[in-house]
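To start, the structure under review is shown below, and the notes come after it.
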Amino acid sequence: MEEFIRKLTEQIRCAKAREGVAQEIEAHIMDQAAAYEKDGVSHEEAVARAVREMGDPVEIGIELDAVHRPKLDAALLGMTFVGSILGLLFFRALDSGYLFPRQCLFTLLGFGVVVGVCLIDYTFIGRWGSLLYGAVTVLLLVGALGIFPQQAKWIQGYGHVPGMTYASYLYVPLFVGVLYRFKGKGMRAVAASVGLLLATSFITWGFSGRSIVAVNLYLINILLLLAAIGKGWFSVKRGRAAAVAAAAFFLPLVYVLGRVFLSEPDSYMLMRLRAFWDPAAYALDSGYIYERIQDVLRGAELIGADAAAQAAGGQPIWSFYADLQLLYIVQSYGLIAGLAVVAALLAFALRAGRIVRRQTNELGYLLSLGCLLVFGFNCIEGILMNFGWFPATTTFLPFLTHGGSATLVYAVLIGLLLSVHRYEDVAAAPKPFRLPFYRQKIRAD
Amino acid sequence: MAIDRSLLSGSTAMLLLRLLEERDMYGYEMIETLEQKSQNVFTLKAGTLYPLLHSLEEKGLLTCYEREADGKVRKYYSITREGRKNLKARREEWQEYQRAVVSVLQTAW
């Protein structure tokens, strides 16, 4: 039988697919042999006969090889390429100064990261999930306290680690890895996941100094936890687990709202929110930006630049607020150009959603869903903010937001999506990585 | 009973989808069930079954998951919504074909 399986799997060029196929074929042979044994045939004879029944191992192997091929989502990769180039051209129109060569370098580096991550089998996240999560967090802590001692004040709520705003979103795939390690571990694992996602938001809030990042991460991770519960990862009653997750959703909300409205009615954050609802009342500080957004939208042409504003020597909207790239496109190229960008982002999201929907591998599903959610949350908030329907905050749009961390974080997320698609017919369920002493403990049981 | 293979091969996918429409099964179970239901007319070879199952899965007509049964971990297949749609189309096609064959055979010349 070993000989048969060896010959069969040797035909499959993709090494990662072999293990799954071998397991399935072996189970089949053993079932068939058991049936023969029931008819009174000896064990050896039964196995030999079952193997003969299978047919030619080389022929089967070649047929299976044709199915199990790593795949490339050329459309998504193509969109990434075109989007990056257009983003670069846009940035050149915006700022052709010394920042432009730097952005070229990051875009190039980003391509490398997309291709590199795509080629790595994504299941390493399932295998190394907890360890990666822990290692990244320790590195951040050491980095924040050691390398940037002046930033260490984050514990009191000041300052932040450079680049951390966008990099925080890389916690999403890591969180999926941890969830995967909690498979089959019951309600305690659900509770631990809730604790972890609270901690993740707290940590990233501290490191990035951006409440929106913490809130987004919190919502994305809750949705991922609910998806994992829905998929039956924890082997518990789904209703009960969902109730715990829902409680986790509301408790911090009550805490934050209570703190903001009761104890700090004059806080800066609250003032900025009030300015969003009533810009005119705060026209001299936080409300100013909303009034400028409305100006741009009122003056915008369907096609082409807002000539009246240009003639009046008005400042481009981008110089007031760097995250208003989309609105700047509306201001300088017209409303249709802005809507075209929104449509392109939507097309990108739909293509990514197609990868998520097609996943039968559970880890692949959750991981691609996580990447899509990061993309979706930032795009929706970003687009709304650009049109004045969302408080001015830090969001990042793929290909439009410039800078090293934004470009590279999106490169990692897109690379992960491509990797999930690439290995969807190939990857077997990853075996969790265990620390050596952990394994010994299990053996002792 | 010997049956021309070409008649069987095109419709095997349809038969498998039909089996999985009832409940989720693993490979060996499908061969056995098919044999029973067809009164031993269809004896599907494992060498035909697994490449076919894997390609149906790749096309998104089936999904699979691992579950323990009788102390063994088995790979179960289950039909997707797409698979049900595909089965419906294949079934209609087959019935049209069957009606045409029967009507030709029964025509008195």
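Chain labels A, B, ... are given in the sequence in which chains occur in the structure tokens; within each chain residues are numbered consecutively from 1, and ligands are likewise numbered from 1 in the order shown.
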**OP:** Can you check which residues of chain B have any atom within 12 Å of chain A? Use only C-alpha atoms and format it as a VMD selection string.
**Re:** chain B and resid 26 to 32 43 to 66 68 to 82
How would the residues just chosen look if you wrote them out with C-alpha atoms as a PDB file, in the first residue's frame?
ATOM      1  CA  TYR B  26     -16.914  10.273   2.134  1.00  0.00           C
ATOM      2  CA  GLY B  27     -15.468   8.636  -0.979  1.00  0.00           C
ATOM      3  CA  TYR B  28     -15.801   4.986  -0.070  1.00  0.00           C
ATOM      4  CA  GLU B  29     -19.350   5.542   1.105  1.00  0.00           C
ATOM      5  CA  MET B  30     -20.262   7.040  -2.278  1.00  0.00           C
ATOM      6  CA  ILE B  31     -19.009   3.989  -4.182  1.00  0.00           C
ATOM      7  CA  GLU B  32     -20.975   1.668  -1.897  1.00  0.00           C
ATOM      8  CA  THR B  43     -19.324  -0.013  -9.914  1.00  0.00           C
ATOM      9  CA  LEU B  44     -17.291   3.147  -9.737  1.00  0.00           C
ATOM     10  CA  LYS B  45     -13.521   2.773  -9.458  1.00  0.00           C
ATOM     11  CA  ALA B  46     -11.720   4.731  -6.789  1.00  0.00           C
ATOM     12  CA  GLY B  47      -9.264   5.796  -9.470  1.00  0.00           C
ATOM     13  CA  THR B  48     -12.101   7.579 -11.287  1.00  0.00           C
ATOM     14  CA  LEU B  49     -13.828   8.835  -8.174  1.00  0.00           C
ATOM     15  CA  TYR B  50     -11.126  10.884  -6.434  1.00  0.00           C
ATOM     16  CA  PRO B  51      -9.866  12.903  -9.420  1.00  0.00           C
ATOM     17  CA  LEU B  52     -13.507  13.645 -10.238  1.00  0.00           C
ATOM     18  CA  LEU B  53     -14.357  14.663  -6.649  1.00  0.00           C
ATOM     19  CA  HIS B  54     -11.311  16.900  -6.457  1.00  0.00           C
ATOM     20  CA  SER B  55     -12.093  18.632  -9.733  1.00  0.00           C
ATOM     21  CA  LEU B  56     -15.740  19.157  -8.684  1.00  0.00           C
ATOM     22  CA  GLU B  57     -14.417  20.686  -5.479  1.00  0.00           C
ATOM     23  CA  GLU B  58     -12.075  22.944  -7.409  1.00  0.00           C
ATOM     24  CA  LYS B  59     -14.997  24.138  -9.526  1.00  0.00           C
ATOM     25  CA  GLY B  60     -16.848  25.006  -6.319  1.00  0.00           C
ATOM     26  CA  LEU B  61     -19.634  22.450  -6.788  1.00  0.00           C
ATOM     27  CA  LEU B  62     -18.555  20.537  -3.683  1.00  0.00           C
ATOM     28  CA  THR B  63     -16.866  21.452  -0.448  1.00  0.00           C
ATOM     29  CA  CYS B  64     -15.183  19.114   1.943  1.00  0.00           C
ATOM     30  CA  TYR B  65     -14.397  18.873   5.624  1.00  0.00           C
ATOM     31  CA  GLU B  66     -12.803  16.354   7.927  1.00  0.00           C
ATOM     32  CA  GLU B  68     -14.234  11.604  12.793  1.00  0.00           C
ATOM     33  CA  ALA B  69     -16.472   8.563  12.291  1.00  0.00           C
ATOM     34  CA  ASP B  70     -15.902   5.127  13.902  1.00  0.00           C
ATOM     35  CA  GLY B  71     -12.547   6.274  15.231  1.00  0.00           C
ATOM     36  CA  LYS B  72     -11.246   7.261  11.777  1.00  0.00           C
ATOM     37  CA  VAL B  73     -10.809  10.764  10.390  1.00  0.00           C
ATOM     38  CA  ARG B  74     -12.626  10.886   7.083  1.00  0.00           C
ATOM     39  CA  LYS B  75     -12.878  13.502   4.381  1.00  0.00           C
ATOM     40  CA  TYR B  76     -16.563  14.252   3.845  1.00  0.00           C
ATOM     41  CA  TYR B  77     -17.880  15.967   0.748  1.00  0.00           C
ATOM     42  CA  SER B  78     -20.919  18.185   0.726  1.00  0.00           C
ATOM     43  CA  ILE B  79     -22.763  19.810  -2.165  1.00  0.00           C
ATOM     44  CA  THR B  80     -22.739  23.606  -2.481  1.00  0.00           C
ATOM     45  CA  ARG B  81     -25.492  25.893  -3.731  1.00  0.00           C
ATOM     46  CA  GLU B  82     -23.580  26.136  -6.995  1.00  0.00           C
TER      47      GLU B  82
END
Subject >> Surrounding residues of Ile355 of chain A excluding itself and chain neighbours under 2 positions, 8 Å, only C-alpha atoms, as a ChimeraX atom specification >> reply: /A:351-353,357-359,368,417,420-421
Include C-alpha atoms and write out the residues we just selected as a compact mmCIF listing (two decimals), in the first residue's frame.
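Below you can see result36.txt, which holds the result:
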# COMPACT_ATOMS: atom_id res chain seq x y z
CA ARG A 351 -12.62 40.68 -6.58
CA ALA A 352 -11.18 40.15 -3.10
CA GLY A 353 -14.65 39.10 -1.90
CA ARG A 357 -16.43 33.30 -0.91
CA ARG A 358 -14.64 30.50 -2.72
CA GLN A 359 -12.68 29.36 0.32
CA SER A 368 -9.00 36.38 3.54
CA LEU A 417 -5.29 37.36 -0.25
CA VAL A 420 -5.03 32.17 0.10
CA HIS A 421 -6.28 31.94 -3.47
**OP:** Please give the complete set of residues from chain B that DSSP, run on the backbone, assigns to strand (DSSP E or B), formatted as a ChimeraX atom specification.
**Re:** /B:25-26,62-69,72-79
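Between atom CA of Val114 of chain A and atom CA of Val142 of chain A there is a distance of 27.7 Å.
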Original post:
If you run DSSP on this backbone, which residues of segment 17-74 of chain A come out as helix (DSSP H, G or I), and could you give them as a PyMOL selection string?
Top reply: chain A and resi 17-38+43-54+57-67+74
**OP:** Quote the spacing between atom CA of Ala349 of chain A and atom CA of Tyr321 of chain A in Å to one decimal place.
**Re:**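 Rounded to one decimal, the two atoms are 25.5 Å apart.
When only C-alpha atoms are used to compute distances to Leu197 of chain A, the closest of the residues A:Ala248, A:Gly87, A:Met164, A:Met269 turns out to be A:Ala248.
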Excluding same-chain residues fewer than 5 positions from Ile383 of chain A, what lies within 12 Å of it counting only C-alpha atoms, as a compact mmCIF listing (two decimals) with N, CA and C atoms, in the first residue's frame?
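Below is the file result05.txt, written as the result:
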# COMPACT_ATOMS: atom_id res chain seq x y z
N ASP A 323 -5.29 63.33 4.49
CA ASP A 323 -6.08 62.13 4.20
C ASP A 323 -7.24 62.39 3.24
N LEU A 324 -7.31 63.61 2.70
CA LEU A 324 -8.41 63.92 1.78
C LEU A 324 -7.97 63.78 0.32
N GLN A 325 -7.26 62.71 0.01
CA GLN A 325 -6.75 62.53 -1.36
C GLN A 325 -7.88 62.43 -2.37
N LEU A 326 -8.94 61.72 -1.98
CA LEU A 326 -10.06 61.51 -2.91
C LEU A 326 -10.73 62.84 -3.23
N LEU A 327 -10.89 63.66 -2.21
CA LEU A 327 -11.53 64.96 -2.41
C LEU A 327 -10.64 65.84 -3.29
N VAL A 330 -11.38 65.04 -6.74
CA VAL A 330 -12.61 65.71 -7.16
C VAL A 330 -12.32 67.18 -7.47
N GLY A 338 -13.51 61.39 -9.38
CA GLY A 338 -13.61 60.92 -8.00
C GLY A 338 -14.48 59.68 -7.90
N LEU A 339 -15.62 59.70 -8.60
CA LEU A 339 -16.52 58.54 -8.55
C LEU A 339 -15.87 57.33 -9.23
N VAL A 341 -12.74 56.59 -9.11
CA VAL A 341 -11.84 56.00 -8.12
C VAL A 341 -12.64 55.14 -7.13
N VAL A 342 -13.81 55.66 -6.70
CA VAL A 342 -14.66 54.89 -5.79
C VAL A 342 -15.07 53.57 -6.46
N ALA A 343 -15.45 53.64 -7.74
CA ALA A 343 -15.86 52.43 -8.47
C ALA A 343 -14.70 51.44 -8.56
N LEU A 345 -12.20 51.12 -6.46
CA LEU A 345 -12.01 50.50 -5.14
C LEU A 345 -13.06 49.42 -4.90
N LEU A 346 -14.28 49.69 -5.34
CA LEU A 346 -15.37 48.72 -5.19
C LEU A 346 -15.06 47.46 -6.00
N PHE A 375 -9.54 46.24 4.53
CA PHE A 375 -9.72 47.01 3.30
C PHE A 375 -11.08 47.72 3.31
N GLY A 376 -12.12 46.97 3.62
CA GLY A 376 -13.49 47.50 3.58
C GLY A 376 -13.72 48.61 4.58
N PHE A 377 -13.32 48.38 5.84
CA PHE A 377 -13.52 49.40 6.87
C PHE A 377 -12.83 50.70 6.49
N ASN A 378 -11.58 50.59 6.06
CA ASN A 378 -10.83 51.81 5.74
C ASN A 378 -11.38 52.51 4.52
N GLY A 388 -17.30 64.23 3.48
CA GLY A 388 -17.83 64.98 4.61
C GLY A 388 -18.92 64.27 5.41
N TRP A 389 -19.02 62.95 5.25
CA TRP A 389 -20.06 62.22 5.96
C TRP A 389 -19.51 61.40 7.13
N PHE A 390 -18.26 61.60 7.44
CA PHE A 390 -17.63 60.86 8.53
C PHE A 390 -16.63 61.79 9.19
N PRO A 391 -16.54 61.75 10.55
CA PRO A 391 -15.62 62.67 11.22
C PRO A 391 -14.20 62.57 10.65
N ALA A 392 -13.52 63.69 10.56
CA ALA A 392 -12.16 63.70 10.03
C ALA A 392 -11.26 62.89 10.95
N THR A 393 -10.66 61.83 10.41
CA THR A 393 -9.83 60.96 11.22
C THR A 393 -8.76 60.33 10.34
N THR A 394 -8.08 59.31 10.87
CA THR A 394 -7.01 58.68 10.11
C THR A 394 -7.52 57.42 9.44
N THR A 395 -7.75 57.47 8.14
CA THR A 395 -8.09 56.25 7.41
C THR A 395 -7.06 56.12 6.31
N PHE A 396 -6.90 54.92 5.79
CA PHE A 396 -5.98 54.83 4.65
C PHE A 396 -6.61 54.05 3.51
N LEU A 397 -6.47 54.66 2.33
CA LEU A 397 -7.03 54.07 1.13
C LEU A 397 -5.90 53.39 0.35
N PRO A 398 -6.16 52.19 -0.16
CA PRO A 398 -5.10 51.52 -0.92
C PRO A 398 -4.74 52.34 -2.15
N LEU A 400 -3.83 55.17 -2.69
CA LEU A 400 -3.94 56.63 -2.61
C LEU A 400 -3.16 57.19 -1.43
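The shell of residues at most 7 Å from Gly334 of chain A, with only C-alpha atoms counted and near chain neighbours (fewer than 6 positions) removed, consists of Ala300, Glu301, Leu302, Ile303, Gly304 and Ala305 of chain A.
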How would the residues just picked look written out with C-alpha atoms as a PDB file, in the first residue's frame?
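Contents of out_5.pdb, as written:
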ATOM      1  CA  ALA A 300     -16.623  70.833  -8.021  1.00  0.00           C
ATOM      2  CA  GLU A 301     -17.073  70.467 -11.769  1.00  0.00           C
ATOM      3  CA  LEU A 302     -18.276  67.235 -13.341  1.00  0.00           C
ATOM      4  CA  ILE A 303     -15.104  67.039 -15.404  1.00  0.00           C
ATOM      5  CA  GLY A 304     -11.977  69.082 -14.871  1.00  0.00           C
ATOM      6  CA  ALA A 305     -10.626  71.349 -12.160  1.00  0.00           C
TER       7      ALA A 305
END
Subject >> Near-Phe100 of chain A list (12 Å; only C-alpha atoms; drop same-chain fewer than 4 positions) as number ranges by chain >> reply: A: 87-96, 104-107, 402-404
